[in-house]
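S.K.: My structure is in upload-v8.cif, and what it holds is mmCIF, N, CA and C atoms:
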```cif
data_start
#
loop_
_atom_site.label_atom_id
_atom_site.label_comp_id
_atom_site.auth_asym_id
_atom_site.auth_seq_id
_atom_site.Cartn_x
_atom_site.Cartn_y
_atom_site.Cartn_z
N MET A 234 19.56 18.96 -16.84
CA MET A 234 19.01 18.21 -17.95
C MET A 234 19.68 18.57 -19.26
N LYS A 235 20.10 19.83 -19.38
CA LYS A 235 20.76 20.25 -20.62
C LYS A 235 22.05 19.48 -20.85
N LYS A 236 22.79 19.25 -19.78
CA LYS A 236 24.07 18.55 -19.92
C LYS A 236 23.85 17.10 -20.34
N ILE A 237 22.80 16.49 -19.81
CA ILE A 237 22.51 15.10 -20.18
C ILE A 237 22.10 15.01 -21.64
N LYS A 238 21.27 15.94 -22.09
CA LYS A 238 20.85 15.95 -23.49
C LYS A 238 22.04 16.19 -24.41
N ARG A 239 22.90 17.10 -24.01
CA ARG A 239 24.08 17.39 -24.83
C ARG A 239 25.01 16.18 -24.92
N ALA A 240 25.21 15.50 -23.80
CA ALA A 240 26.07 14.31 -23.78
C ALA A 240 25.44 13.19 -24.62
N ALA A 241 24.13 13.00 -24.48
CA ALA A 241 23.45 11.96 -25.26
C ALA A 241 23.52 12.27 -26.75
N ALA A 242 23.37 13.53 -27.12
CA ALA A 242 23.45 13.90 -28.52
C ALA A 242 24.86 13.68 -29.06
N MET A 243 25.87 13.99 -28.27
CA MET A 243 27.25 13.79 -28.70
C MET A 243 27.55 12.30 -28.88
N ILE A 244 27.07 11.48 -27.96
CA ILE A 244 27.27 10.03 -28.08
C ILE A 244 26.56 9.50 -29.32
N LEU A 245 25.34 9.99 -29.58
CA LEU A 245 24.60 9.55 -30.76
C LEU A 245 25.32 9.94 -32.05
N VAL A 246 25.87 11.14 -32.09
CA VAL A 246 26.60 11.58 -33.28
C VAL A 246 27.83 10.71 -33.51
N ILE A 247 28.56 10.41 -32.45
CA ILE A 247 29.75 9.57 -32.58
C ILE A 247 29.36 8.17 -33.04
N LEU A 248 28.27 7.62 -32.49
CA LEU A 248 27.82 6.30 -32.92
C LEU A 248 27.39 6.31 -34.38
N LEU A 249 26.69 7.34 -34.81
CA LEU A 249 26.25 7.41 -36.19
C LEU A 249 27.41 7.53 -37.16
N ILE A 250 28.40 8.31 -36.80
CA ILE A 250 29.59 8.43 -37.66
C ILE A 250 30.30 7.08 -37.76
N GLY A 251 30.42 6.39 -36.62
CA GLY A 251 31.02 5.06 -36.64
C GLY A 251 30.21 4.08 -37.48
N LEU A 252 28.88 4.16 -37.37
CA LEU A 252 28.03 3.27 -38.15
C LEU A 252 28.13 3.55 -39.64
N VAL A 253 28.28 4.80 -40.00
CA VAL A 253 28.43 5.14 -41.42
C VAL A 253 29.70 4.52 -41.98
N PHE A 254 30.79 4.63 -41.25
CA PHE A 254 32.05 4.05 -41.71
C PHE A 254 31.99 2.52 -41.72
N LEU A 255 31.34 1.93 -40.72
CA LEU A 255 31.19 0.48 -40.72
C LEU A 255 30.33 0.01 -41.88
N THR A 256 29.26 0.73 -42.16
CA THR A 256 28.40 0.37 -43.29
C THR A 256 29.16 0.47 -44.60
N LEU A 257 29.93 1.51 -44.75
CA LEU A 257 30.74 1.66 -45.96
C LEU A 257 31.75 0.53 -46.08
N TYR A 258 32.39 0.18 -44.97
CA TYR A 258 33.36 -0.92 -44.98
C TYR A 258 32.69 -2.25 -45.35
N PHE A 259 31.53 -2.50 -44.73
CA PHE A 259 30.82 -3.75 -45.02
C PHE A 259 30.32 -3.80 -46.45
N ALA A 260 29.95 -2.64 -47.00
CA ALA A 260 29.49 -2.61 -48.39
C ALA A 260 30.64 -2.90 -49.36
N ILE A 261 31.79 -2.34 -49.06
CA ILE A 261 32.95 -2.54 -49.94
C ILE A 261 33.44 -3.98 -49.89
N THR A 262 33.46 -4.56 -48.70
CA THR A 262 33.98 -5.92 -48.57
C THR A 262 32.94 -6.98 -48.88
N GLY A 263 31.68 -6.61 -48.99
CA GLY A 263 30.64 -7.57 -49.29
C GLY A 263 30.30 -8.46 -48.11
N SER A 264 30.41 -7.92 -46.93
CA SER A 264 30.16 -8.69 -45.72
C SER A 264 28.66 -8.94 -45.51
N LEU A 265 28.37 -9.98 -44.77
CA LEU A 265 26.98 -10.29 -44.45
C LEU A 265 26.40 -9.31 -43.42
N TYR A 266 27.25 -8.56 -42.75
CA TYR A 266 26.81 -7.61 -41.73
C TYR A 266 26.34 -6.29 -42.32
N PHE A 267 26.34 -6.16 -43.62
CA PHE A 267 25.96 -4.91 -44.26
C PHE A 267 24.52 -4.52 -43.94
N MET A 268 23.60 -5.47 -44.08
CA MET A 268 22.19 -5.16 -43.83
C MET A 268 21.94 -4.85 -42.36
N ALA A 269 22.61 -5.54 -41.47
CA ALA A 269 22.47 -5.25 -40.04
C ALA A 269 22.98 -3.86 -39.72
N SER A 270 24.07 -3.49 -40.35
CA SER A 270 24.63 -2.16 -40.15
C SER A 270 23.70 -1.08 -40.70
N MET A 271 23.09 -1.34 -41.85
CA MET A 271 22.13 -0.39 -42.41
C MET A 271 20.92 -0.23 -41.49
N PHE A 272 20.44 -1.33 -40.96
CA PHE A 272 19.31 -1.28 -40.05
C PHE A 272 19.65 -0.47 -38.80
N ALA A 273 20.83 -0.71 -38.23
CA ALA A 273 21.23 0.02 -37.03
C ALA A 273 21.40 1.50 -37.33
N MET A 274 21.92 1.82 -38.51
CA MET A 274 22.13 3.21 -38.88
C MET A 274 20.79 3.95 -39.02
N LEU A 275 19.76 3.26 -39.45
CA LEU A 275 18.44 3.87 -39.59
C LEU A 275 17.63 3.80 -38.30
N ALA A 276 17.75 2.73 -37.55
CA ALA A 276 16.91 2.53 -36.37
C ALA A 276 17.38 3.33 -35.16
N LEU A 277 18.67 3.53 -35.01
CA LEU A 277 19.18 4.22 -33.83
C LEU A 277 18.65 5.64 -33.70
N PRO A 278 18.69 6.47 -34.74
CA PRO A 278 18.13 7.82 -34.59
C PRO A 278 16.61 7.80 -34.39
N LEU A 279 15.91 6.85 -35.01
CA LEU A 279 14.47 6.76 -34.84
C LEU A 279 14.10 6.38 -33.41
N LEU A 280 14.83 5.45 -32.83
CA LEU A 280 14.58 5.08 -31.44
C LEU A 280 14.89 6.21 -30.48
N PHE A 281 15.95 6.94 -30.75
CA PHE A 281 16.31 8.08 -29.90
C PHE A 281 15.25 9.17 -29.99
N TYR A 282 14.74 9.43 -31.21
CA TYR A 282 13.69 10.41 -31.38
C TYR A 282 12.41 9.98 -30.66
N ALA A 283 12.06 8.71 -30.75
CA ALA A 283 10.88 8.19 -30.07
C ALA A 283 11.02 8.32 -28.56
N TYR A 284 12.22 8.05 -28.04
CA TYR A 284 12.48 8.20 -26.62
C TYR A 284 12.28 9.65 -26.19
N LEU A 285 12.82 10.58 -26.94
CA LEU A 285 12.66 12.00 -26.59
C LEU A 285 11.21 12.43 -26.70
N PHE A 286 10.49 11.95 -27.70
CA PHE A 286 9.09 12.30 -27.88
C PHE A 286 8.25 11.82 -26.69
N ILE A 287 8.47 10.58 -26.27
CA ILE A 287 7.74 10.04 -25.12
C ILE A 287 8.12 10.78 -23.85
N TYR A 288 9.38 11.12 -23.71
CA TYR A 288 9.82 11.87 -22.53
C TYR A 288 9.14 13.23 -22.46
N ARG A 289 9.03 13.90 -23.60
CA ARG A 289 8.35 15.20 -23.62
C ARG A 289 6.87 15.06 -23.31
N MET A 290 6.24 14.00 -23.77
CA MET A 290 4.83 13.79 -23.48
C MET A 290 4.60 13.51 -21.98
N MET A 291 5.52 12.81 -21.37
CA MET A 291 5.37 12.48 -19.94
C MET A 291 5.68 13.67 -19.04
N ASN A 292 6.57 14.56 -19.47
CA ASN A 292 7.01 15.70 -18.63
C ASN A 292 6.61 17.00 -19.33
N LYS A 293 5.34 17.34 -19.28
CA LYS A 293 4.86 18.55 -19.93
C LYS A 293 5.08 19.80 -19.07
N ASP A 294 5.54 19.66 -17.85
CA ASP A 294 5.69 20.82 -16.97
C ASP A 294 6.87 21.71 -17.32
N GLU A 295 7.74 21.26 -18.19
CA GLU A 295 8.93 22.07 -18.54
C GLU A 295 8.56 23.13 -19.55
#
```
Represent the supplied structure as structure tokens.
M.R.:
Amino acid sequence: MKKIKRAAAMILVILLIGLVFLTLYFAITGSLYFMASMFAMLALPLLFYAYLFIYRMMNKDE
């Protein structure tokens, strides 16, 4: 389980870094995708945290 959590965390970090650069690019160019990128940048970590919270609640034996 540790390896899966570590891999998921690494993927999330890479996605967040990419989203930060995309958001910056969209902000500079004035693209219509700026707000969607901001939403994804904020929602992705919240959804991942909610997933981990529910997983911990379901598996209390660890």
S.K.: In file coordinates, which residues lie within 7 Å of (26.0, 0.4, -36.8) using all atoms listed in the file, given as an MDAnalysis selection string?
M.R.: chainID A and resid 248 251:253 255:256 269:274
S.K.: Assuming the chain letters and numbering stay as they are in my file, what does the PyMOL selection byres (((chain A and resi 277-288 and name CA) around 10) and name CA) actually select? List them as a count of residues only.
M.R.: 18
S.K.: Would you compute an axis-aligned box for range 236-252 of chain A, covering every atom listed for it in the file with 8 Å of margin on each side, and report centre and edge lengths in Å to one decimal as JSON?
M.R.:
```
{"center_x": 25.9, "center_y": 11.3, "center_z": -29.7, "size_x": 26.2, "size_y": 32.0, "size_z": 35.9}
```
S.K.: Work out how far apart atom N of Ile244 in chain A and atom C of Ala260 in chain A are and give it in Å to one decimal.
M.R.: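 These two atoms are separated by 26.0 Å.
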